[in-house]
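Chemist: Take this structure, written in structure tokens, and hold onto it; I'll ask about it next.
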Amino acid sequence: MSRKIIKFSAIDSTHSHALRLIGRRDISKYPDGCVLIADTQTIGVGRCHRRWVSPPGNLYTSILSPIPPSEDFCQLSLTIGCAARETIRHFLRESNFLRLHWPNDVYYGNRKICGILAASTDGWLIISVGINVNVSPDIGSAVSLKDILGDDVPKVPDVLDVLLKNVDDWLCLLRHVGFFRIRNYWLQNVNEISSRVVVRNGKESIVGIFCDLDERGRLVLEKEDGERLFISSGDLFVNSEIIMVSYE
């Protein structure tokens, strides 16, 4: 797909700018979509309005694509997670430690290497991706490709090229083959499957076993009494302490 690439040395947030383009109808200049990329973000946006720390040297991008109104957003979100994992795997010699965290973050071992914020508005899909290429942000537990590969680290534009191809390939797979391939990929590569987790949605906390993903991509949580819940939003915790994923 042909998309206009728009580069910034610094911006508040590529995701925020994507929303502005749509809100002002400026996106009409790019009927096939566009790609926003920044060297750094001053107010990077993460899940549930959390700040995404954005030092120079990493990939910060928002991909805007037209979206049919019939598409399931939960499935789209999981599909983008697959594309992000495959992008990072492309540059690794060993990918066994590269794991997915529902609905679309990527970890290397127990350290976060990629975060994704997906949104759908006014017929447009916004895929905002941050990949730690050269720098591990000094916040929480993070890792970069440079930490893993040493001096053999790819250039940020090369990572973007691979990401764009994977996003198109995985969305094509979803639309022409179906969600079952994406679901199977997730179940093979997600860390918390069969683990005890805590899901917090607002003030409510639900404890159970992460036992499956359903056909829509919702987390299937089995409570102690055997009841199964199907959850499409919330924050996922392991051991009640570590935030692995937030999803709204």
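Going by the structure tokens order, chains are called A, B, ..., each with residues numbered from 1, while ligands are numbered from 1 in the order shown.
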How would you write, as an NGL selection string, the set of residues in region 19-247 of chain A that DSSP gives as strand (DSSP E or B)?

Modeler: :A and (34-41 or 45 or 51 or 59-66 or 98-101 or 105-108 or 111-121 or 124-131 or 142 or 190 or 196-201 or 204-213 or 219-222 or 228-231 or 234-238 or 242-247)

Chemist: Might you pull out every residue within 12 Å of Arg175 (chain A), with only C-alpha atoms counted and same-chain residues fewer than 6 positions away left off, and present them as a PyMOL selection string?

Modeler: chain A and resi 67-68+70-72+75-76+79+168-169+181-182

Chemist: Could the residues in this selection be written to a file with N, CA and C atoms, as a PDB file, in the first residue's frame?

Modeler:
```pdb
ATOM      1  N   ILE A  67     -10.381   2.143   7.321  1.00  0.00           N
ATOM      2  CA  ILE A  67     -10.879   0.921   7.935  1.00  0.00           C
ATOM      3  C   ILE A  67     -12.356   0.743   7.598  1.00  0.00           C
ATOM      4  N   PRO A  68     -12.741  -0.438   7.094  1.00  0.00           N
ATOM      5  CA  PRO A  68     -14.164  -0.691   6.848  1.00  0.00           C
ATOM      6  C   PRO A  68     -14.928  -0.695   8.162  1.00  0.00           C
ATOM      7  N   SER A  70     -17.180  -2.507   9.241  1.00  0.00           N
ATOM      8  CA  SER A  70     -17.570  -3.827   9.727  1.00  0.00           C
ATOM      9  C   SER A  70     -16.458  -4.546  10.489  1.00  0.00           C
ATOM     10  N   GLU A  71     -15.249  -4.030  10.490  1.00  0.00           N
ATOM     11  CA  GLU A  71     -14.126  -4.771  11.074  1.00  0.00           C
ATOM     12  C   GLU A  71     -14.159  -4.724  12.602  1.00  0.00           C
ATOM     13  N   ASP A  72     -13.802  -5.849  13.206  1.00  0.00           N
ATOM     14  CA  ASP A  72     -13.795  -6.009  14.660  1.00  0.00           C
ATOM     15  C   ASP A  72     -12.515  -5.405  15.215  1.00  0.00           C
ATOM     16  N   GLN A  75     -10.060  -7.754  17.136  1.00  0.00           N
ATOM     17  CA  GLN A  75      -9.264  -8.587  16.244  1.00  0.00           C
ATOM     18  C   GLN A  75      -8.143  -7.775  15.587  1.00  0.00           C
ATOM     19  N   LEU A  76      -8.464  -6.553  15.185  1.00  0.00           N
ATOM     20  CA  LEU A  76      -7.443  -5.691  14.583  1.00  0.00           C
ATOM     21  C   LEU A  76      -6.289  -5.456  15.551  1.00  0.00           C
ATOM     22  N   THR A  79      -4.087  -8.393  15.756  1.00  0.00           N
ATOM     23  CA  THR A  79      -3.367  -8.554  14.498  1.00  0.00           C
ATOM     24  C   THR A  79      -2.141  -7.644  14.454  1.00  0.00           C
ATOM     25  N   ASP A 168       0.862  -4.501   6.735  1.00  0.00           N
ATOM     26  CA  ASP A 168       0.055  -4.792   5.553  1.00  0.00           C
ATOM     27  C   ASP A 168      -0.175  -6.289   5.382  1.00  0.00           C
ATOM     28  N   ASP A 169       0.873  -7.083   5.593  1.00  0.00           N
ATOM     29  CA  ASP A 169       0.746  -8.538   5.415  1.00  0.00           C
ATOM     30  C   ASP A 169      -0.236  -9.147   6.412  1.00  0.00           C
ATOM     31  N   ARG A 181      -6.082 -17.697  12.229  1.00  0.00           N
ATOM     32  CA  ARG A 181      -4.619 -17.758  12.123  1.00  0.00           C
ATOM     33  C   ARG A 181      -3.963 -16.809  13.128  1.00  0.00           C
ATOM     34  N   ILE A 182      -4.549 -15.635  13.299  1.00  0.00           N
ATOM     35  CA  ILE A 182      -4.013 -14.678  14.263  1.00  0.00           C
ATOM     36  C   ILE A 182      -4.178 -15.219  15.672  1.00  0.00           C
TER      37      ILE A 182
END
```

Chemist: Between A:Thr40, A:Val177, A:Asn191, A:Ile116, which one has atoms that come closest to Phe97 (chain A), using only C-alpha atoms?

Modeler: A:Asn191

Chemist: Identify, on the basis of only C-alpha atoms, every residue whose closest approach to Arg111 (chain A) does not exceed 7 Å; exclude the query and any residue fewer than 6 positions from it along the same chain; express the result as a PDB file with N, CA and C atoms, in the first residue's frame.

Modeler:
```
ATOM      1  N   SER A 141      10.527  -1.834  33.478  1.00  0.00           N
ATOM      2  CA  SER A 141      11.428  -2.880  33.002  1.00  0.00           C
ATOM      3  C   SER A 141      11.389  -2.893  31.487  1.00  0.00           C
ATOM      4  N   ALA A 142      12.421  -2.327  30.858  1.00  0.00           N
ATOM      5  CA  ALA A 142      12.443  -2.198  29.399  1.00  0.00           C
ATOM      6  C   ALA A 142      13.735  -2.771  28.847  1.00  0.00           C
ATOM      7  N   VAL A 143      13.722  -3.058  27.549  1.00  0.00           N
ATOM      8  CA  VAL A 143      14.901  -3.571  26.856  1.00  0.00           C
ATOM      9  C   VAL A 143      14.861  -3.039  25.429  1.00  0.00           C
TER      10      VAL A 143
END
```

Chemist: Smallest atom-to-atom distance to Val129 (chain A): which of A:Ile5, A:Ile193, A:Leu92, A:Ile63, using only C-alpha atoms?

Modeler: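 Answer, going by the shortest atom-to-atom distance: A:Ile63.
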
Chemist: Please identify which residues in region 19-229 of chain A DSSP calls helix (DSSP H, G or I) from the backbone, and express them as a PyMOL selection string.

Modeler: chain A and resi 19-23+26-29+47-49+73-89+145-149+156-176+179-189

Chemist: Using only C-alpha atoms, can you tell me which of A:Asp122, A:Asp12, A:Asp26, A:Glu94 comes closest to Thr42 (chain A)?

Modeler: A:Asp12

Chemist: So what do you get for CA of Thr14 (chain A) versus CA of Lys146 (chain A), distance-wise?

Modeler: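 CA of Lys146 (chain A) lies at a distance of 23.3 Å from CA of Thr14 (chain A).
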